[in-house]
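Enquirer: Got data.csv for you, CSV, C-alpha atoms and all ligand atoms:
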```csv
chain,number,residue,atom,x,y,z
A,1,SER,CA,-13.3,-11.5,12.3
A,2,ASN,CA,-9.9,-11.1,14.0
A,3,TYR,CA,-8.9,-8.6,11.3
A,4,LEU,CA,-12.1,-6.7,11.8
A,5,GLU,CA,-11.2,-6.4,15.4
A,6,THR,CA,-7.6,-5.3,14.7
A,7,LEU,CA,-8.9,-2.8,12.2
A,8,SER,CA,-11.2,-1.2,14.8
A,9,GLN,CA,-8.1,-0.6,17.0
A,10,VAL,CA,-5.7,0.9,14.5
A,11,LYS,CA,-3.6,3.8,15.9
A,12,THR,CA,-0.9,4.1,13.3
A,13,VAL,CA,-1.3,3.8,9.6
A,14,VAL,CA,1.8,3.4,7.4
A,15,PHE,CA,1.5,3.9,3.7
A,16,ASP,CA,3.7,3.0,0.8
A,17,LYS,CA,4.0,5.9,-1.6
A,18,THR,CA,3.9,4.6,-5.2
A,19,GLY,CA,0.6,3.1,-6.2
A,20,THR,CA,-0.9,3.6,-2.7
A,21,LEU,CA,-0.8,7.3,-2.0
A,22,THR,CA,0.0,8.2,-5.6
A,23,GLN,CA,-1.7,6.7,-8.7
A,24,GLY,CA,1.4,4.9,-9.8
A,25,VAL,CA,0.7,6.0,-13.3
A,26,PHE,CA,3.8,8.0,-14.4
A,27,GLU,CA,4.0,10.4,-17.3
A,28,VAL,CA,7.4,10.9,-18.9
A,29,SER,CA,8.2,14.6,-18.2
A,30,GLY,CA,11.6,14.7,-19.7
A,31,VAL,CA,14.6,12.9,-21.2
A,32,HIS,CA,18.0,14.4,-20.3
A,33,HIS,CA,21.7,14.1,-21.2
A,34,SER,CA,21.0,11.5,-23.8
A,35,GLU,CA,23.6,11.0,-26.5
A,36,MET,CA,21.1,9.0,-28.6
A,37,GLU,CA,17.6,10.0,-29.7
A,38,ASN,CA,15.1,10.3,-26.8
A,39,GLU,CA,12.9,7.8,-28.5
A,40,LYS,CA,15.7,5.2,-28.7
A,41,LEU,CA,16.5,5.7,-25.0
A,42,LEU,CA,12.9,5.2,-24.1
A,43,GLU,CA,12.9,2.1,-26.3
A,44,TYR,CA,15.8,0.5,-24.4
A,45,ALA,CA,14.2,1.4,-21.1
A,46,ALA,CA,10.8,0.0,-22.1
A,47,LEU,CA,12.3,-3.3,-23.4
A,48,ALA,CA,14.5,-3.8,-20.3
A,49,GLU,CA,11.4,-3.2,-18.2
A,50,CYS,CA,9.2,-5.5,-20.2
A,51,ALA,CA,8.9,-8.2,-17.6
A,52,SER,CA,8.4,-6.1,-14.4
A,53,SER,CA,5.0,-5.4,-12.9
A,54,HIS,CA,6.3,-2.3,-11.1
A,55,PRO,CA,4.2,0.9,-11.8
A,56,ILE,CA,7.4,2.5,-13.1
A,57,SER,CA,7.9,-0.3,-15.6
A,58,LYS,CA,4.3,-0.3,-16.8
A,59,SER,CA,4.5,3.5,-17.3
A,60,LEU,CA,7.7,3.3,-19.3
A,61,GLN,CA,6.1,0.6,-21.5
A,62,ARG,CA,3.0,2.8,-22.0
A,63,ALA,CA,5.1,5.9,-22.8
A,64,TYR,CA,7.0,3.9,-25.4
A,65,GLY,CA,3.6,3.1,-26.9
A,66,LYS,CA,4.7,0.4,-29.4
A,67,ALA,CA,4.4,-3.4,-29.1
A,68,ILE,CA,7.2,-4.9,-27.2
A,69,ASP,CA,9.1,-7.8,-28.9
A,70,ARG,CA,10.2,-9.9,-26.0
A,71,ASP,CA,12.5,-11.9,-28.2
A,72,ARG,CA,14.9,-8.9,-28.2
A,73,VAL,CA,15.3,-9.1,-24.5
A,74,ARG,CA,17.0,-11.7,-22.3
A,75,ASP,CA,18.6,-12.1,-18.9
A,76,ILE,CA,16.1,-9.9,-17.2
A,77,GLN,CA,16.8,-9.2,-13.5
A,78,GLU,CA,14.7,-7.0,-11.2
A,79,ILE,CA,16.7,-5.5,-8.4
A,80,SER,CA,14.1,-4.6,-5.9
A,81,GLY,CA,14.0,-1.0,-4.7
A,82,LYS,CA,16.6,-0.1,-7.3
A,83,GLY,CA,15.6,-1.0,-10.9
A,84,VAL,CA,16.2,-3.6,-13.5
A,85,SER,CA,19.0,-5.0,-15.6
A,86,ALA,CA,18.6,-6.9,-18.9
A,87,VAL,CA,20.2,-7.6,-22.2
A,88,VAL,CA,18.4,-5.8,-25.1
A,89,ASP,CA,19.5,-6.5,-28.7
A,90,GLY,CA,22.8,-7.8,-27.3
A,91,HIS,CA,23.5,-4.7,-25.2
A,92,ALA,CA,23.6,-4.8,-21.4
A,93,VAL,CA,21.0,-2.3,-20.2
A,94,LEU,CA,20.5,-1.0,-16.7
A,95,ALA,CA,17.5,1.1,-15.8
A,96,GLY,CA,17.0,2.4,-12.3
A,97,ASN,CA,17.8,4.9,-9.6
A,98,ASP,CA,21.0,6.4,-8.2
A,99,LYS,CA,21.5,3.4,-6.0
A,100,LEU,CA,21.5,1.0,-9.0
A,101,MET,CA,24.1,3.2,-10.8
A,102,ALA,CA,26.2,3.3,-7.6
A,103,LEU,CA,25.9,-0.4,-7.2
A,104,ARG,CA,27.2,-1.1,-10.7
A,105,GLY,CA,29.8,1.6,-10.5
A,106,ILE,CA,28.4,3.8,-13.2
A,107,PRO,CA,29.0,7.6,-12.9
A,108,PHE,CA,25.7,9.3,-13.4
A,109,ILE,CA,24.4,12.8,-13.8
A,110,GLY,CA,22.0,14.0,-11.1
A,111,CYS,CA,18.8,15.7,-11.9
A,112,HIS,CA,17.1,18.8,-10.4
A,113,SER,CA,13.7,18.1,-11.9
A,114,VAL,CA,10.9,17.1,-9.5
A,115,GLY,CA,9.9,13.5,-10.1
A,116,THR,CA,11.3,10.1,-10.2
A,117,ILE,CA,14.6,9.7,-12.1
A,118,ILE,CA,15.3,6.6,-14.1
A,119,HIS,CA,18.9,6.5,-15.1
A,120,ILE,CA,19.8,4.3,-18.1
A,121,ALA,CA,23.2,2.8,-18.7
A,122,ILE,CA,24.0,0.8,-21.9
A,123,ASP,CA,27.0,-1.5,-22.0
A,124,GLY,CA,28.4,0.1,-18.8
A,125,GLN,CA,28.2,3.6,-20.2
A,126,TYR,CA,25.8,6.2,-18.8
A,127,ALA,CA,23.2,6.9,-21.5
A,128,GLY,CA,21.0,9.6,-19.8
A,129,HIS,CA,18.0,9.7,-17.7
A,130,ILE,CA,14.2,9.7,-18.0
A,131,VAL,CA,12.2,11.9,-15.6
A,132,ILE,CA,8.8,10.6,-14.9
A,133,SER,CA,6.2,12.1,-12.6
A,134,ASP,CA,3.4,10.6,-10.7
A,135,VAL,CA,0.3,12.3,-9.2
A,136,VAL,CA,-1.1,12.0,-5.7
A,137,LYS,CA,-4.5,10.3,-5.6
A,138,PRO,CA,-7.2,12.9,-5.5
A,139,GLU,CA,-8.9,11.4,-2.4
A,140,ALA,CA,-5.7,10.9,-0.5
A,141,ALA,CA,-5.7,14.2,1.6
A,142,GLU,CA,-9.3,13.8,2.5
A,143,ALA,CA,-8.8,10.1,3.5
A,144,ILE,CA,-5.9,11.1,5.8
A,145,ARG,CA,-8.0,13.8,7.4
A,146,GLN,CA,-10.8,11.3,8.0
A,147,LEU,CA,-8.4,8.9,9.6
A,148,LYS,CA,-7.4,11.6,12.0
A,149,THR,CA,-11.0,12.3,12.8
A,150,LEU,CA,-11.5,8.6,13.6
A,151,GLY,CA,-8.7,8.8,16.2
A,152,VAL,CA,-5.7,7.4,14.2
A,153,LYS,CA,-2.8,9.0,16.0
A,154,LYS,CA,-0.1,8.8,13.4
A,155,THR,CA,0.2,8.5,9.6
A,156,VAL,CA,3.5,7.6,8.1
A,157,MET,CA,4.7,7.3,4.5
A,158,LEU,CA,7.5,5.0,3.4
A,159,THR,CA,9.2,5.1,0.0
A,160,GLY,CA,12.2,4.0,-1.9
A,161,ASP,CA,12.0,7.2,-3.8
A,162,LYS,CA,14.2,10.4,-3.3
A,163,LYS,CA,13.7,12.8,-0.4
A,164,ASP,CA,12.3,15.7,-2.3
A,165,THR,CA,9.7,13.7,-4.1
A,166,ALA,CA,8.7,12.1,-0.8
A,167,GLU,CA,8.5,15.5,0.9
A,168,ALA,CA,6.2,16.9,-1.9
A,169,VAL,CA,3.8,13.9,-1.5
A,170,ARG,CA,3.9,14.3,2.3
A,171,ARG,CA,2.9,18.0,2.0
A,172,GLU,CA,0.2,17.3,-0.5
A,173,THR,CA,-1.4,14.4,1.4
A,174,GLY,CA,-1.0,15.8,5.0
A,175,VAL,CA,0.7,12.6,6.2
A,176,ASP,CA,2.6,13.2,9.5
A,177,GLU,CA,6.0,11.7,8.7
A,178,ALA,CA,7.8,10.6,5.6
A,179,TYR,CA,10.8,8.3,5.3
A,180,SER,CA,12.6,8.1,1.9
A,181,GLN,CA,15.2,6.1,0.1
A,182,LEU,CA,14.3,2.9,1.9
A,183,MET,CA,15.1,-0.5,0.6
A,184,PRO,CA,12.3,-3.1,1.1
A,185,GLN,CA,14.1,-4.5,4.2
A,186,ASP,CA,14.3,-0.9,5.6
A,187,LYS,CA,10.6,-0.6,5.3
A,188,VAL,CA,10.2,-3.7,7.5
A,189,SER,CA,12.5,-2.3,10.2
A,190,ARG,CA,10.7,1.0,10.1
A,191,VAL,CA,7.4,-0.8,10.7
A,192,GLU,CA,9.0,-2.8,13.5
A,193,ASP,CA,10.1,0.4,15.2
A,194,LEU,CA,6.6,1.7,15.0
A,195,LEU,CA,5.2,-1.6,16.3
A,196,GLY,CA,7.5,-1.1,19.3
A,197,GLU,CA,6.2,2.4,19.9
A,198,GLU,CA,2.6,1.8,19.6
A,199,HIS,CA,0.0,-0.7,18.8
A,200,THR,CA,-1.9,-1.2,16.5
A,201,VAL,CA,0.0,-0.6,13.3
A,202,ALA,CA,-1.6,-1.0,9.8
A,203,PHE,CA,0.5,-1.0,6.6
A,204,VAL,CA,-1.1,-0.1,3.3
A,205,GLY,CA,0.8,-1.1,0.2
A,206,ASP,CA,0.6,-2.5,-3.3
A,207,GLY,CA,4.0,-3.8,-4.5
A,208,ILE,CA,5.8,-7.1,-4.5
A,209,ASN,CA,8.4,-5.5,-2.3
A,210,ASP,CA,5.7,-4.7,0.2
A,211,ALA,CA,4.8,-8.3,0.9
A,212,PRO,CA,7.2,-8.7,3.9
A,213,VAL,CA,5.9,-5.5,5.5
A,214,LEU,CA,2.3,-6.4,4.9
A,215,SER,CA,2.7,-9.6,6.9
A,216,ARG,CA,4.9,-8.0,9.6
A,217,ALA,CA,2.4,-5.2,10.5
A,218,ASP,CA,-0.5,-5.9,12.9
A,219,LEU,CA,-2.8,-5.5,9.9
A,220,GLY,CA,-1.7,-5.6,6.2
A,221,ILE,CA,-3.9,-3.8,3.7
A,222,ALA,CA,-3.3,-4.2,0.0
A,223,MET,CA,-4.6,-2.4,-3.1
A,224,GLY,CA,-6.7,-4.9,-5.0
A,225,ALA,CA,-6.8,-3.5,-8.5
A,226,MET,CA,-3.2,-2.1,-9.0
A,227,GLY,CA,-1.6,-4.4,-6.4
A,228,SER,CA,0.7,-7.3,-7.2
A,229,ASP,CA,-0.5,-10.8,-6.4
A,230,ALA,CA,2.2,-11.2,-3.8
A,231,ALA,CA,0.9,-8.1,-1.9
A,232,ILE,CA,-2.7,-9.3,-2.1
A,233,GLU,CA,-1.7,-12.7,-0.9
A,234,ALA,CA,0.2,-11.3,2.1
A,235,ALA,CA,-2.5,-8.9,3.1
A,236,ASP,CA,-5.2,-9.2,5.7
A,237,VAL,CA,-7.5,-6.7,4.1
A,238,VAL,CA,-7.8,-5.8,0.4
A,239,LEU,CA,-9.3,-2.6,-0.9
A,240,MET,CA,-10.8,-3.9,-4.1
A,241,ASP,CA,-10.8,-0.6,-6.1
A,242,ASP,CA,-7.6,1.0,-4.6
A,243,HIS,CA,-9.6,4.0,-3.4
A,244,LEU,CA,-8.1,5.4,-0.2
A,245,ASP,CA,-11.5,6.7,1.0
A,246,ARG,CA,-12.4,3.0,1.6
A,247,LEU,CA,-9.9,3.0,4.4
A,248,PRO,CA,-11.7,5.3,6.9
A,249,LYS,CA,-14.9,3.6,5.8
A,250,ALA,CA,-13.5,0.2,6.6
A,251,ILE,CA,-12.4,1.5,10.0
A,252,SER,CA,-15.9,2.9,10.7
A,253,ILE,CA,-17.5,-0.4,9.6
A,254,SER,CA,-15.2,-2.4,11.9
A,255,ARG,CA,-15.9,-0.1,14.9
A,256,ARG,CA,-19.6,-0.4,14.3
A,257,THR,CA,-19.4,-4.1,13.9
A,258,MET,CA,-17.4,-4.4,17.1
A,259,ARG,CA,-20.0,-2.3,19.0
A,260,ILE,CA,-22.8,-4.6,17.8
A,261,VAL,CA,-20.8,-7.7,18.8
A,262,HIS,CA,-20.2,-6.2,22.3
A,263,GLU,CA,-23.9,-5.3,22.7
A,264,ASN,CA,-24.8,-8.8,21.8
A,265,ILE,CA,-22.3,-10.4,24.2
A,266,ILE,CA,-23.4,-8.1,27.1
A,267,PHE,CA,-27.1,-8.5,26.4
A,268,SER,CA,-27.0,-12.3,26.1
A,269,LEU,CA,-24.9,-12.8,29.2
A,270,ALA,CA,-27.0,-10.4,31.2
A,271,VAL,CA,-30.3,-12.1,30.3
A,272,LYS,CA,-28.9,-15.6,30.9
A,273,GLY,CA,-27.3,-14.5,34.2
A,274,ILE,CA,-30.6,-13.0,35.5
A,275,VAL,CA,-32.6,-16.0,34.4
A,276,LEU,CA,-30.0,-18.3,36.1
A,277,VAL,CA,-30.3,-16.5,39.4
A,278,LEU,CA,-34.1,-16.3,39.2
A,279,SER,CA,-34.4,-20.0,38.4
A,280,ALA,CA,-32.1,-20.9,41.3
A,281,LEU,CA,-34.7,-19.0,43.4
A,282,GLY,CA,-37.5,-21.0,41.7
A,283,LEU,CA,-39.0,-17.9,40.1
A,284,VAL,CA,-38.9,-18.9,36.4
A,285,ASN,CA,-41.2,-21.1,34.3
A,286,MET,CA,-40.4,-23.0,31.2
A,287,TRP,CA,-41.3,-20.1,28.9
A,288,ILE,CA,-38.8,-17.7,30.4
A,289,ALA,CA,-36.1,-20.4,30.1
A,290,VAL,CA,-37.0,-20.8,26.4
A,291,PHE,CA,-36.8,-17.0,25.9
A,292,ALA,CA,-33.4,-16.8,27.7
A,293,ASP,CA,-32.0,-19.4,25.3
A,294,VAL,CA,-33.7,-19.2,21.9
A,295,GLY,CA,-35.3,-15.7,22.3
A,296,VAL,CA,-32.0,-14.1,23.2
A,297,LEU,CA,-30.3,-15.9,20.2
A,298,ILE,CA,-32.9,-14.5,17.8
A,299,LEU,CA,-32.6,-11.0,19.2
A,300,ALA,CA,-28.8,-11.2,18.9
A,301,VAL,CA,-29.1,-12.4,15.3
A,302,LEU,CA,-31.5,-9.6,14.5
A,303,ASN,CA,-29.1,-7.1,16.1
A,304,ALA,CA,-26.2,-8.5,14.2
A,305,MET,CA,-28.2,-8.0,11.0
A,306,ARG,CA,-27.8,-4.3,11.5
A,307,THR,CA,-24.2,-4.7,10.2
A,308,LEU,CA,-25.7,-5.3,6.8
A,309,ARG,CA,-27.0,-1.8,6.6
A,310,GLY,CA,-24.7,1.1,5.7
B,401,LIG,P1,8.0,2.8,-3.5
B,401,LIG,O1,8.5,2.8,-2.1
B,401,LIG,O2,7.7,4.3,-3.9
B,401,LIG,O3,6.8,2.0,-3.7
B,401,LIG,P2,9.9,0.9,-4.6
B,401,LIG,O4,10.5,0.5,-3.3
B,401,LIG,O5,9.1,-0.1,-5.3
B,401,LIG,O6,9.1,2.3,-4.5
B,401,LIG,O7,11.1,1.4,-5.5
B,401,LIG,C1,12.0,2.4,-5.0
B,401,LIG,C2,12.7,3.1,-6.2
B,401,LIG,O8,13.5,2.1,-6.8
B,401,LIG,C3,11.9,3.7,-7.2
B,401,LIG,O9,11.5,5.1,-6.9
B,401,LIG,C4,12.8,3.7,-8.4
B,401,LIG,O10,13.7,4.7,-8.4
B,401,LIG,C5,13.5,2.4,-8.2
B,401,LIG,N1,12.9,1.3,-8.9
B,401,LIG,C6,12.2,0.2,-8.4
B,401,LIG,N2,11.8,-0.6,-9.3
B,401,LIG,C7,12.1,-0.1,-10.5
B,401,LIG,C8,12.0,-0.5,-11.9
B,401,LIG,N3,11.3,-1.6,-12.2
B,401,LIG,N4,12.5,0.3,-12.8
B,401,LIG,C9,13.2,1.4,-12.5
B,401,LIG,N5,13.3,1.8,-11.3
B,401,LIG,C10,12.9,1.1,-10.3
B,402,MG,MG,5.7,0.4,-4.0
```
Just dump the structure as structure tokens.
Ligand code: ADP
Ligand code: MG

Expert:
Amino acid sequence: SNYLETLSQVKTVVFDKTGTLTQGVFEVSGVHHSEMENEKLLEYAALAECASSHPISKSLQRAYGKAIDRDRVRDIQEISGKGVSAVVDGHAVLAGNDKLMALRGIPFIGCHSVGTIIHIAIDGQYAGHIVISDVVKPEAAEAIRQLKTLGVKKTVMLTGDKKDTAEAVRRETGVDEAYSQLMPQDKVSRVEDLLGEEHTVAFVGDGINDAPVLSRADLGIAMGAMGSDAAIEAADVVLMDDHLDRLPKAISISRRTMRIVHENIIFSLAVKGIVLVLSALGLVNMWIAVFADVGVLILAVLNAMRTLRG
């Protein structure tokens, strides 16, 4: 019930990008600067990513399309907000973004295509990059618009992805502000800044990285179908089917529920107050006293049952 109350007061909604505003189902749209066959590069990437539950990893495994033999892969490490490293067929493979390449001191070739770029390095040598693209959820723009109508003052998007990808998603969804290239800990500090500016802040996310932010925000909302177990565990509210239009709906339900709760509190206290005063003056009989107690209770329960409708 406390989360329902918080939900009814939400003023700022912060979204994670991948898997929350977007479907998190990437299609491979290109393979560039690869010395080896594209298929081979994708194979290395998919094998290195075989243990991660990140939407990017799942998409690369799907694009590869063949069964993955996990015995070929060892020493898998996920570097959150950056990518993965693993040893595939005895070769050290890195798959991730610019930051991962910079971290491991590998010179990489930038890319002008729109989308998320996964650079691959094999045995410390740059091996090319895979461009993958994600699509915005069809209901996202409408859900953001409805949140505005419900009096949400600010909508914000946080992502670890590049600036231009973030900006494209911001325009398409109509979110007020977008912050890109954030590490998981940067997302926490962004949310803390927003908590300082205004209450009440809700964060909507799906990933393992999002767990700290989900617990830090006044209200954490996770995606139930796509979301990682860590995110679902850390969240206060779970959208079971990942549909963003459930969000304005949840806020409406919470407002209506709070209205009914307040009606009941005022009604019960008022009747009891009046009967108390009248009884002090010797003006009530036993039946009125019974009504003030059990009668009011039954009416309040009947009123509360309205929450079951709609
Ligand atoms: P978002 O904020 O969009 O949910 P994350 O914080 O999970 O994204 O990741 C940020 C960036 O880090 C991704 O856009 C990608 O470039 C890189 N990245 C994260 N995890 C992986 C992975 N498993 N494989 C490749 N790249 C990854
Ligand atoms: Mg994410």

Enquirer: Record the distance separating CA of Val156 (chain A) and CA of Gly83 (chain A), expressed in Å with one decimal.

Expert: 24.1 Å

Enquirer: Would you please work out which residue, of A:Met36, A:Ile251, A:Ala48, A:Ala280, is nearest to Lys148 (chain A) when using all atoms listed in the file?

Expert: A:Ile251

Enquirer: For the point (14.0, 20.0, -10.7) in the file's frame, write as a list in words all residues with an atom no more than 12 Å away, counting all atoms listed in the file.

Expert: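 Result, sorted by chain then residue number: Ser29, Gly30, His32, Gly110, Cys111, His112, Ser113, Val114, Gly115, Thr116, Ile117, Val131, Ile132, Ser133, Asp164 and Thr165 of chain A.
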
Enquirer: Would you list the residues that come within 9 Å of ligand MG 402 (chain B)? Count all atoms listed in the file and give the answer as a ChimeraX atom specification.

Expert: /A:16-20,24,54-55,81,158-160,205-210

Enquirer: Could you tell me how far CA of Leu47 (chain A) sits from CA of Gln61 (chain A), in Å to one decimal place?

Expert: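 Going from CA of Gln61 (chain A) over to CA of Leu47 (chain A), I get 7.6 Å.
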
Enquirer: Residues at most 7 Å from Ala235 (chain A), counting all atoms listed in the file, excluding those fewer than 3 positions away in the same chain, as an MDAnalysis selection string?

Expert: chainID A and resid 214:215 220:222 231:232 238
